[in-house]
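A.B. asks: Following this message is one structure expressed as structure tokens.
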Amino acid sequence: MATYAATITGTGSAFPAGIVTNQDIVEKLAASGIETSDQWIRERSGIRERRMAAPGNAEEHNSSLGLAASRAALEMAGKKPEDIDLIAYATCTPDTVIPSTSCWLQHKLGAVNAWAMDLNAACSGFLYCLSIADQFIQTGQVKTALVIGAEVLSSIINWSDRSSCILFGDAAGAVVVERAEADTPHRILSATLRSDGNLWELLHIPCGGSRYPATADIIRDHLNKIHMNGREVFKIAVRTLTSFAKQTLKKHKIAPEELDWFIPHQANIRIIEAVAERLSIPMEKVLVNIERFGNTSSATIPTVLDEAVRAGKIQKGQTVLMDAFGSGLTFGALLLRW
Ligand code: COA
């Protein structure tokens, strides 16, 4: 039995000001002779618009969005930056390679007593980080953790690929996780995490890292941007989201109908609907924001959570299942009682 339990006491989110509608993308692609339409994007993905950071605007750097989300979460939790022991920052679009985005955030927030780390598990990153915070809190090594999922995916969108460029947006979500008595019902119950590096090719950025540093040719050929096999990712996503949700519920002997809320990664509304159907979870219990924000990778789950908490949807004592997949490929589900 663990010494303590971990409980979420505050949530926050932040988005860049700039709204990019499907029509804006239609016009942007048309300038390079690529065809798409608002109708196609809406019907195939469920996305109407997304937010994108204005390049060069310091208020919309990854760590600045993370800062705004963190401040909102700390305010809800009634905590000060100095109270934080651990900053666990999920991102695959860091401000800089070094220092980590978590250190940028620590600097901006004044979280002087924390140790800070970034974690890249793409769209599963928030659940990986939340699970790490849970473990450190359970063993008594951390009392208060700040967990962030934040992305500026607009910096890696491949505008030459119409099947992927329509999907992504920028956002940050944050939660404060605190130590509670081991027997509290209001806690993170458990997570099921996995990855399969054999599937790396389905969703990757070929160049720009240490293996193939960016050159003028690489940039010209968009090799430092997202490359994706959408059809294959779609199939695997439906299969794994369903399977990880089932495994996690089974571990706690919770039937899908006992679940109050399901928060899946927001990649495509058709993926979400297919998973909900396979789990026999009615769509009224599925929380979504994809229509307004698109796929914001590690930020999807914490931004959806924040919206539902602030709207008073998620109530004390309710059971919430979070479920993610992403580049790697990475997978994870996390169950909690609010
Ligand atoms: N506008 C118009 N047509 C497009 C288009 C666009 N933006 N993008 C692709 N198409 C075309 C294709 O070229 C294809 O044409 P063809 O039949 O003449 O070859 C047709 O639409 C169907 O393509 P397909 O790839 O089968 O579409 P889809 O229904 O699978 O939808 C995705 C494409 C990318 C939206 C969908 O596969 C998806 O969401 N996959 C998962 C991606 C994902 O989740 N990534 C992030 C993981 S964290």
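In the structure tokens, chains take letters A, B, ... by order of appearance, with residues numbered from 1 within each chain and ligands from 1 in the order shown.
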Collect all residues with atoms no farther than 7 Å from ligand 1, counting only C-alpha atoms and all ligand atoms, and output them as a CSV table (one decimal) with N, CA and C atoms, in the first residue's frame.
C.D. replies:
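The resulting file, pocket20.csv, is shown below:
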```csv
chain,number,residue,atom,x,y,z
A,35,GLU,N,-5.5,21.4,-53.0
A,35,GLU,CA,-7.0,21.6,-52.8
A,35,GLU,C,-7.4,20.9,-51.5
A,36,THR,N,-8.3,21.6,-50.8
A,36,THR,CA,-9.1,21.0,-49.7
A,36,THR,C,-10.3,21.8,-49.5
A,37,SER,N,-11.2,21.5,-48.6
A,37,SER,CA,-12.4,22.2,-48.4
A,37,SER,C,-12.8,22.2,-46.9
A,40,TRP,N,-14.8,18.9,-46.3
A,40,TRP,CA,-13.9,17.7,-46.2
A,40,TRP,C,-13.3,17.7,-44.8
A,41,ILE,N,-12.8,18.8,-44.4
A,41,ILE,CA,-12.1,18.8,-43.0
A,41,ILE,C,-13.1,18.5,-41.9
A,44,ARG,N,-14.3,14.7,-42.2
A,44,ARG,CA,-13.3,13.7,-42.0
A,44,ARG,C,-12.6,13.8,-40.6
A,45,SER,N,-12.7,15.0,-40.0
A,45,SER,CA,-12.0,15.1,-38.7
A,45,SER,C,-12.8,15.7,-37.6
A,123,CYS,N,1.5,12.8,-28.1
A,123,CYS,CA,0.1,13.1,-27.6
A,123,CYS,C,-0.2,12.3,-26.3
A,162,ARG,N,-1.7,17.8,-47.2
A,162,ARG,CA,-3.0,18.3,-46.9
A,162,ARG,C,-3.7,17.3,-45.9
A,163,SER,N,-3.3,16.1,-45.8
A,163,SER,CA,-4.0,15.2,-44.9
A,163,SER,C,-3.6,15.4,-43.4
A,164,SER,N,-2.4,16.0,-43.2
A,164,SER,CA,-2.0,16.2,-41.8
A,164,SER,C,-2.1,17.7,-41.3
A,166,ILE,N,-4.2,19.9,-41.7
A,166,ILE,CA,-5.6,20.3,-41.3
A,166,ILE,C,-5.9,20.0,-39.8
A,230,GLY,N,-1.9,8.7,-42.1
A,230,GLY,CA,-3.1,9.0,-41.4
A,230,GLY,C,-4.1,7.7,-41.3
A,231,ARG,N,-4.2,7.0,-42.4
A,231,ARG,CA,-5.1,5.9,-42.5
A,231,ARG,C,-4.7,4.8,-41.5
A,233,VAL,N,-2.6,5.2,-38.8
A,233,VAL,CA,-2.7,5.7,-37.5
A,233,VAL,C,-4.1,5.7,-37.0
A,234,PHE,N,-5.1,6.0,-37.8
A,234,PHE,CA,-6.5,6.0,-37.5
A,234,PHE,C,-6.9,4.6,-37.0
A,267,ALA,N,-8.0,13.6,-31.5
A,267,ALA,CA,-7.2,13.5,-32.7
A,267,ALA,C,-8.2,13.6,-33.9
A,268,ASN,N,-9.4,13.0,-33.8
A,268,ASN,CA,-10.3,13.0,-34.9
A,268,ASN,C,-11.6,12.6,-34.3
A,297,SER,N,-2.2,17.8,-29.4
A,297,SER,CA,-1.2,16.8,-28.8
A,297,SER,C,-1.3,16.7,-27.3
A,325,PHE,N,-3.1,8.3,-27.3
A,325,PHE,CA,-2.1,7.6,-28.2
A,325,PHE,C,-1.4,8.7,-28.9
A,326,GLY,N,-0.2,8.4,-29.4
A,326,GLY,CA,0.6,9.5,-30.1
A,326,GLY,C,1.8,8.9,-30.8
A,327,SER,N,2.6,9.8,-31.3
A,327,SER,CA,3.8,9.4,-32.1
A,327,SER,C,4.7,8.6,-31.1
```
A.B. asks: In terms of the shortest atom-to-atom distance over only C-alpha atoms, which of A:Leu65, A:Ile290, A:Ile263, A:Ile157 is closest to Thr319 of chain A?
C.D. replies: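 Nearest candidate to Thr319 of chain A out of A:Leu65, A:Ile290, A:Ile263, A:Ile157: A:Ile263.
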A.B. asks: I need the strand (DSSP E) residues of segment 155-202 of chain A per DSSP on the backbone, written as number ranges by chain.
C.D. replies: A: 170-181, 187-195
A.B. asks: Using only all heavy atoms, please write the residues we just selected to a file, as a short mmCIF file (atom, residue, chain, number, x, y, z; two decimals), in the first residue's frame.
C.D. replies:
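The resulting file, out.cif, is reproduced below:
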```
data_model
loop_
_atom_site.label_atom_id
_atom_site.label_comp_id
_atom_site.auth_asym_id
_atom_site.auth_seq_id
_atom_site.Cartn_x
_atom_site.Cartn_y
_atom_site.Cartn_z
N ASP A 170 -2.49 24.78 -31.44
CA ASP A 170 -1.61 25.11 -30.30
C ASP A 170 -2.45 25.33 -29.04
O ASP A 170 -3.52 25.96 -29.12
CB ASP A 170 -0.82 26.39 -30.59
CG ASP A 170 -0.01 26.30 -31.88
OD1 ASP A 170 0.29 25.16 -32.31
OD2 ASP A 170 0.33 27.36 -32.44
N ALA A 171 -1.93 24.89 -27.90
CA ALA A 171 -2.65 25.07 -26.63
C ALA A 171 -1.79 24.61 -25.47
O ALA A 171 -0.76 23.94 -25.67
CB ALA A 171 -3.95 24.25 -26.63
N ALA A 172 -2.22 24.96 -24.26
CA ALA A 172 -1.58 24.45 -23.04
C ALA A 172 -2.65 24.12 -22.02
O ALA A 172 -3.63 24.86 -21.88
CB ALA A 172 -0.63 25.50 -22.47
N GLY A 173 -2.45 23.02 -21.30
CA GLY A 173 -3.32 22.66 -20.18
C GLY A 173 -2.43 22.31 -19.00
O GLY A 173 -1.31 21.81 -19.19
N ALA A 174 -2.91 22.60 -17.80
CA ALA A 174 -2.09 22.32 -16.61
C ALA A 174 -2.98 21.82 -15.48
O ALA A 174 -4.16 22.17 -15.41
CB ALA A 174 -1.36 23.58 -16.17
N VAL A 175 -2.40 21.01 -14.61
CA VAL A 175 -3.09 20.60 -13.38
C VAL A 175 -2.12 20.69 -12.21
O VAL A 175 -0.91 20.48 -12.37
CB VAL A 175 -3.68 19.16 -13.44
CG1 VAL A 175 -4.74 19.05 -14.52
CG2 VAL A 175 -2.61 18.11 -13.65
N VAL A 176 -2.67 21.00 -11.03
CA VAL A 176 -1.92 20.90 -9.78
C VAL A 176 -2.31 19.57 -9.15
O VAL A 176 -3.50 19.25 -9.05
CB VAL A 176 -2.26 22.07 -8.83
CG1 VAL A 176 -1.60 21.87 -7.47
CG2 VAL A 176 -1.83 23.39 -9.46
N VAL A 177 -1.30 18.79 -8.78
CA VAL A 177 -1.56 17.48 -8.16
C VAL A 177 -0.97 17.52 -6.75
O VAL A 177 0.20 17.87 -6.58
CB VAL A 177 -0.90 16.33 -8.96
CG1 VAL A 177 -1.42 14.98 -8.48
CG2 VAL A 177 -1.14 16.49 -10.45
N GLU A 178 -1.79 17.16 -5.77
CA GLU A 178 -1.32 17.28 -4.37
C GLU A 178 -1.41 15.96 -3.62
O GLU A 178 -2.22 15.10 -3.93
CB GLU A 178 -2.19 18.31 -3.64
CG GLU A 178 -1.92 19.74 -4.07
CD GLU A 178 -2.67 20.72 -3.20
OE1 GLU A 178 -2.36 20.81 -2.00
OE2 GLU A 178 -3.57 21.38 -3.75
N ARG A 179 -0.57 15.89 -2.60
CA ARG A 179 -0.57 14.74 -1.69
C ARG A 179 -1.87 14.72 -0.88
O ARG A 179 -2.34 15.75 -0.42
CB ARG A 179 0.62 14.90 -0.74
CG ARG A 179 0.71 13.83 0.31
CD ARG A 179 1.73 14.21 1.37
NE ARG A 179 3.09 14.08 0.86
CZ ARG A 179 4.18 14.36 1.60
NH1 ARG A 179 4.07 14.77 2.84
NH2 ARG A 179 5.37 14.21 1.08
N ALA A 180 -2.43 13.50 -0.74
CA ALA A 180 -3.63 13.34 0.09
C ALA A 180 -3.45 12.07 0.91
O ALA A 180 -2.52 11.29 0.66
CB ALA A 180 -4.86 13.23 -0.80
N GLU A 181 -4.32 11.87 1.90
CA GLU A 181 -4.26 10.64 2.71
C GLU A 181 -4.41 9.42 1.80
O GLU A 181 -5.16 9.46 0.83
CB GLU A 181 -5.36 10.64 3.77
CG GLU A 181 -5.22 11.72 4.82
CD GLU A 181 -3.87 11.69 5.54
OE1 GLU A 181 -3.39 10.57 5.85
OE2 GLU A 181 -3.28 12.75 5.76
N ARG A 187 -8.83 10.56 -5.93
CA ARG A 187 -7.43 10.28 -6.22
C ARG A 187 -7.22 9.75 -7.64
O ARG A 187 -8.17 9.28 -8.29
CB ARG A 187 -6.93 9.21 -5.25
CG ARG A 187 -7.74 7.90 -5.44
CD ARG A 187 -7.41 6.87 -4.41
NE ARG A 187 -6.02 6.50 -4.52
CZ ARG A 187 -5.33 5.92 -3.54
NH1 ARG A 187 -5.91 5.66 -2.38
NH2 ARG A 187 -4.09 5.58 -3.71
N ILE A 188 -5.98 9.77 -8.05
CA ILE A 188 -5.61 9.05 -9.27
C ILE A 188 -5.61 7.58 -8.89
O ILE A 188 -4.94 7.18 -7.92
CB ILE A 188 -4.23 9.52 -9.78
CG1 ILE A 188 -4.32 10.99 -10.24
CG2 ILE A 188 -3.74 8.61 -10.92
CD1 ILE A 188 -2.98 11.63 -10.55
N LEU A 189 -6.35 6.76 -9.63
CA LEU A 189 -6.47 5.34 -9.27
C LEU A 189 -5.32 4.55 -9.88
O LEU A 189 -4.59 3.87 -9.16
CB LEU A 189 -7.83 4.80 -9.71
CG LEU A 189 -9.01 5.39 -8.94
CD1 LEU A 189 -10.32 5.11 -9.63
CD2 LEU A 189 -9.04 4.87 -7.50
N SER A 190 -5.15 4.64 -11.19
CA SER A 190 -3.96 4.03 -11.80
C SER A 190 -3.88 4.36 -13.28
O SER A 190 -4.84 4.84 -13.88
CB SER A 190 -3.94 2.51 -11.61
OG SER A 190 -4.83 1.90 -12.51
N ALA A 191 -2.71 4.08 -13.83
CA ALA A 191 -2.50 4.33 -15.26
C ALA A 191 -1.98 3.05 -15.91
O ALA A 191 -1.32 2.24 -15.26
CB ALA A 191 -1.50 5.45 -15.45
N THR A 192 -2.30 2.90 -17.18
CA THR A 192 -1.75 1.81 -17.99
C THR A 192 -0.97 2.49 -19.12
O THR A 192 -1.58 3.18 -19.94
CB THR A 192 -2.88 0.95 -18.61
OG1 THR A 192 -3.84 0.67 -17.58
CG2 THR A 192 -2.36 -0.34 -19.20
N LEU A 193 0.34 2.34 -19.12
CA LEU A 193 1.17 3.05 -20.10
C LEU A 193 1.96 2.05 -20.94
O LEU A 193 2.39 1.01 -20.43
CB LEU A 193 2.15 3.99 -19.39
CG LEU A 193 1.54 4.98 -18.39
CD1 LEU A 193 2.63 5.74 -17.64
CD2 LEU A 193 0.61 5.96 -19.10
N ARG A 194 2.17 2.35 -22.19
CA ARG A 194 2.94 1.46 -23.08
C ARG A 194 3.43 2.27 -24.27
O ARG A 194 2.89 3.32 -24.59
CB ARG A 194 2.00 0.35 -23.59
CG ARG A 194 2.66 -0.90 -24.14
CD ARG A 194 3.06 -1.91 -23.06
NE ARG A 194 2.10 -2.03 -21.98
CZ ARG A 194 0.98 -2.74 -22.00
NH1 ARG A 194 0.63 -3.40 -23.08
NH2 ARG A 194 0.19 -2.81 -20.95
N SER A 195 4.44 1.73 -24.95
CA SER A 195 4.81 2.32 -26.24
C SER A 195 5.26 1.21 -27.18
O SER A 195 5.56 0.09 -26.73
CB SER A 195 5.92 3.36 -26.06
OG SER A 195 7.03 2.78 -25.42
#
```
A.B. asks: Residues within 12 Å of Val275 of chain A, please, as a VMD selection string. Count only C-alpha atoms; anything in the same chain fewer than 5 positions from it doesn't count.
C.D. replies: chain A and resid 234 to 246 256 262 to 270 280 to 283 286 323 to 324
A.B. asks: Find the residue from A:Ser64, A:Asn22, A:Asn224, A:Thr303 that sits nearest to Cys207 of chain A; use only C-alpha atoms when measuring.
C.D. replies: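 So, comparing all the options, the nearest one is A:Asn224.
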A.B. asks: Going by DSSP on the backbone, which bits of segment 189-307 of chain A are alpha helix (DSSP H)? Write them as an MDAnalysis selection string, please.
C.D. replies: chainID A and resid 216:220 230:251 269:278 290:293 300:307
A.B. asks: Between atom CA of Arg51 of chain A and atom CA of Lys28 of chain A, measure the distance and give it in Å to one decimal.
C.D. replies: 15.2 Å
A.B. asks: Which residue is closest to Gly56 of chain A? Choose from A:Asn229, A:Ile98, A:Glu284, A:Ser155 and count only C-alpha atoms.
C.D. replies: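 Looking only at the distances to Gly56 of chain A, the closest residue turns out to be A:Ser155.
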A.B. asks: I'd like the neighbourhood of Ala14 of chain A as a ChimeraX atom specification, where a residue qualifies if any of its atoms comes within 12 Å (using only C-alpha atoms), though same-chain residues fewer than 4 positions away should be ignored.
C.D. replies: /A:51-53,59-73,148-152,170-174,293,296,299-300,302-304,306-307
A.B. asks: The selected residues should be written to file as a PDB file, in the first residue's frame (atoms: C-alpha atoms).
C.D. replies:
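File produced: out32.pdb:
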```pdb
ATOM      1  CA  ARG A  51      -5.658  28.300 -32.528  1.00  0.00           C
ATOM      2  CA  MET A  52      -2.144  29.074 -33.738  1.00  0.00           C
ATOM      3  CA  ALA A  53       0.584  31.047 -32.010  1.00  0.00           C
ATOM      4  CA  GLU A  59       3.217  35.758 -25.068  1.00  0.00           C
ATOM      5  CA  GLU A  60       2.518  32.721 -27.231  1.00  0.00           C
ATOM      6  CA  HIS A  61       5.729  30.746 -26.821  1.00  0.00           C
ATOM      7  CA  ASN A  62       5.113  27.227 -25.537  1.00  0.00           C
ATOM      8  CA  SER A  63       6.288  28.156 -22.021  1.00  0.00           C
ATOM      9  CA  SER A  64       4.145  31.322 -22.054  1.00  0.00           C
ATOM     10  CA  LEU A  65       1.013  29.327 -22.839  1.00  0.00           C
ATOM     11  CA  GLY A  66       2.149  26.847 -20.157  1.00  0.00           C
ATOM     12  CA  LEU A  67       2.602  29.763 -17.752  1.00  0.00           C
ATOM     13  CA  ALA A  68      -0.940  31.086 -18.260  1.00  0.00           C
ATOM     14  CA  ALA A  69      -2.415  27.582 -17.858  1.00  0.00           C
ATOM     15  CA  SER A  70      -0.280  26.954 -14.742  1.00  0.00           C
ATOM     16  CA  ARG A  71      -1.293  30.236 -13.094  1.00  0.00           C
ATOM     17  CA  ALA A  72      -4.964  29.374 -13.612  1.00  0.00           C
ATOM     18  CA  ALA A  73      -4.459  25.879 -12.139  1.00  0.00           C
ATOM     19  CA  ILE A 148       1.544  20.548 -17.966  1.00  0.00           C
ATOM     20  CA  GLY A 149       0.743  19.434 -21.501  1.00  0.00           C
ATOM     21  CA  ALA A 150       1.569  22.230 -23.952  1.00  0.00           C
ATOM     22  CA  GLU A 151       2.346  22.453 -27.658  1.00  0.00           C
ATOM     23  CA  VAL A 152       3.043  24.900 -30.428  1.00  0.00           C
ATOM     24  CA  ASP A 170      -1.611  25.106 -30.304  1.00  0.00           C
ATOM     25  CA  ALA A 171      -2.651  25.071 -26.629  1.00  0.00           C
ATOM     26  CA  ALA A 172      -1.582  24.452 -23.045  1.00  0.00           C
ATOM     27  CA  GLY A 173      -3.319  22.664 -20.182  1.00  0.00           C
ATOM     28  CA  ALA A 174      -2.089  22.322 -16.608  1.00  0.00           C
ATOM     29  CA  PHE A 293      -9.117  23.523 -31.113  1.00  0.00           C
ATOM     30  CA  THR A 296      -3.196  19.937 -29.700  1.00  0.00           C
ATOM     31  CA  ALA A 299      -2.601  19.593 -24.436  1.00  0.00           C
ATOM     32  CA  THR A 300      -5.846  17.933 -25.541  1.00  0.00           C
ATOM     33  CA  PRO A 302      -5.807  18.764 -19.790  1.00  0.00           C
ATOM     34  CA  THR A 303      -7.648  21.463 -21.788  1.00  0.00           C
ATOM     35  CA  VAL A 304     -10.759  19.287 -22.095  1.00  0.00           C
ATOM     36  CA  ASP A 306     -10.186  22.149 -17.424  1.00  0.00           C
ATOM     37  CA  GLU A 307     -13.192  23.140 -19.491  1.00  0.00           C
TER      38      GLU A 307
END
```
A.B. asks: Ranking A:Ile314, A:Ala276, A:Leu329, A:Leu321 by minimum distance to Ile254 of chain A and counting only C-alpha atoms, which one comes first?
C.D. replies: A:Leu321
A.B. asks: Neighbours of Thr21 of chain A within 8 Å (only C-alpha atoms; same-chain residues fewer than 2 positions away dropped), as an mmCIF file with N, CA, C and O atoms, in the first residue's frame?
C.D. replies:
```
data_model
loop_
_atom_site.group_PDB
_atom_site.id
_atom_site.type_symbol
_atom_site.label_atom_id
_atom_site.label_comp_id
_atom_site.auth_asym_id
_atom_site.auth_seq_id
_atom_site.Cartn_x
_atom_site.Cartn_y
_atom_site.Cartn_z
ATOM 1 N N ILE A 19 -7.250 32.683 -34.265
ATOM 2 C CA ILE A 19 -8.110 31.576 -34.708
ATOM 3 C C ILE A 19 -7.837 31.318 -36.188
ATOM 4 O O ILE A 19 -7.825 32.257 -36.990
ATOM 5 N N GLN A 23 -11.553 27.551 -43.536
ATOM 6 C CA GLN A 23 -11.490 28.374 -44.747
ATOM 7 C C GLN A 23 -10.120 29.051 -44.885
ATOM 8 O O GLN A 23 -9.586 29.146 -45.985
ATOM 9 N N ASP A 24 -9.554 29.465 -43.741
ATOM 10 C CA ASP A 24 -8.196 30.052 -43.785
ATOM 11 C C ASP A 24 -7.207 29.036 -44.360
ATOM 12 O O ASP A 24 -6.307 29.396 -45.134
ATOM 13 N N ILE A 25 -7.371 27.750 -43.972
ATOM 14 C CA ILE A 25 -6.451 26.711 -44.473
ATOM 15 C C ILE A 25 -6.698 26.461 -45.962
ATOM 16 O O ILE A 25 -5.752 26.298 -46.736
ATOM 17 N N ARG A 48 -13.432 22.418 -36.915
ATOM 18 C CA ARG A 48 -13.888 23.631 -37.607
ATOM 19 C C ARG A 48 -12.817 24.708 -37.601
ATOM 20 O O ARG A 48 -12.657 25.451 -38.545
ATOM 21 N N GLU A 49 -12.130 24.796 -36.466
ATOM 22 C CA GLU A 49 -11.077 25.815 -36.338
ATOM 23 C C GLU A 49 -10.076 25.376 -35.285
ATOM 24 O O GLU A 49 -10.330 24.407 -34.544
ATOM 25 N N ARG A 50 -8.946 26.037 -35.244
ATOM 26 C CA ARG A 50 -7.893 25.764 -34.257
ATOM 27 C C ARG A 50 -7.203 27.079 -33.962
ATOM 28 O O ARG A 50 -7.369 28.058 -34.688
#
```
A.B. asks: Atom CA of Ser100 of chain A and atom CA of Gly332 of chain A, how far apart in Å?
C.D. replies: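 For atom CA of Gly332 of chain A relative to atom CA of Ser100 of chain A, the distance reads 23.3 Å.
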A.B. asks: Between A:Ile47, A:Val147, A:Leu336, A:Ile205, which is the closest to His186 of chain A once you count only C-alpha atoms?
C.D. replies: A:Leu336
A.B. asks: Rounded to one decimal in Å, what is the spacing between atom CA of Lys250 of chain A and atom CA of Val142 of chain A?
C.D. replies: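 Straight-line distance from atom CA of Lys250 of chain A to atom CA of Val142 of chain A works out to 28.7 Å.
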A.B. asks: Using only C-alpha atoms for the distances, tell me which of A:Ile8, A:Trp104, A:His204, A:Ile271 is nearest to Val320 of chain A.
C.D. replies: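 Closest to Val320 of chain A, using only C-alpha atoms: A:Ile8.
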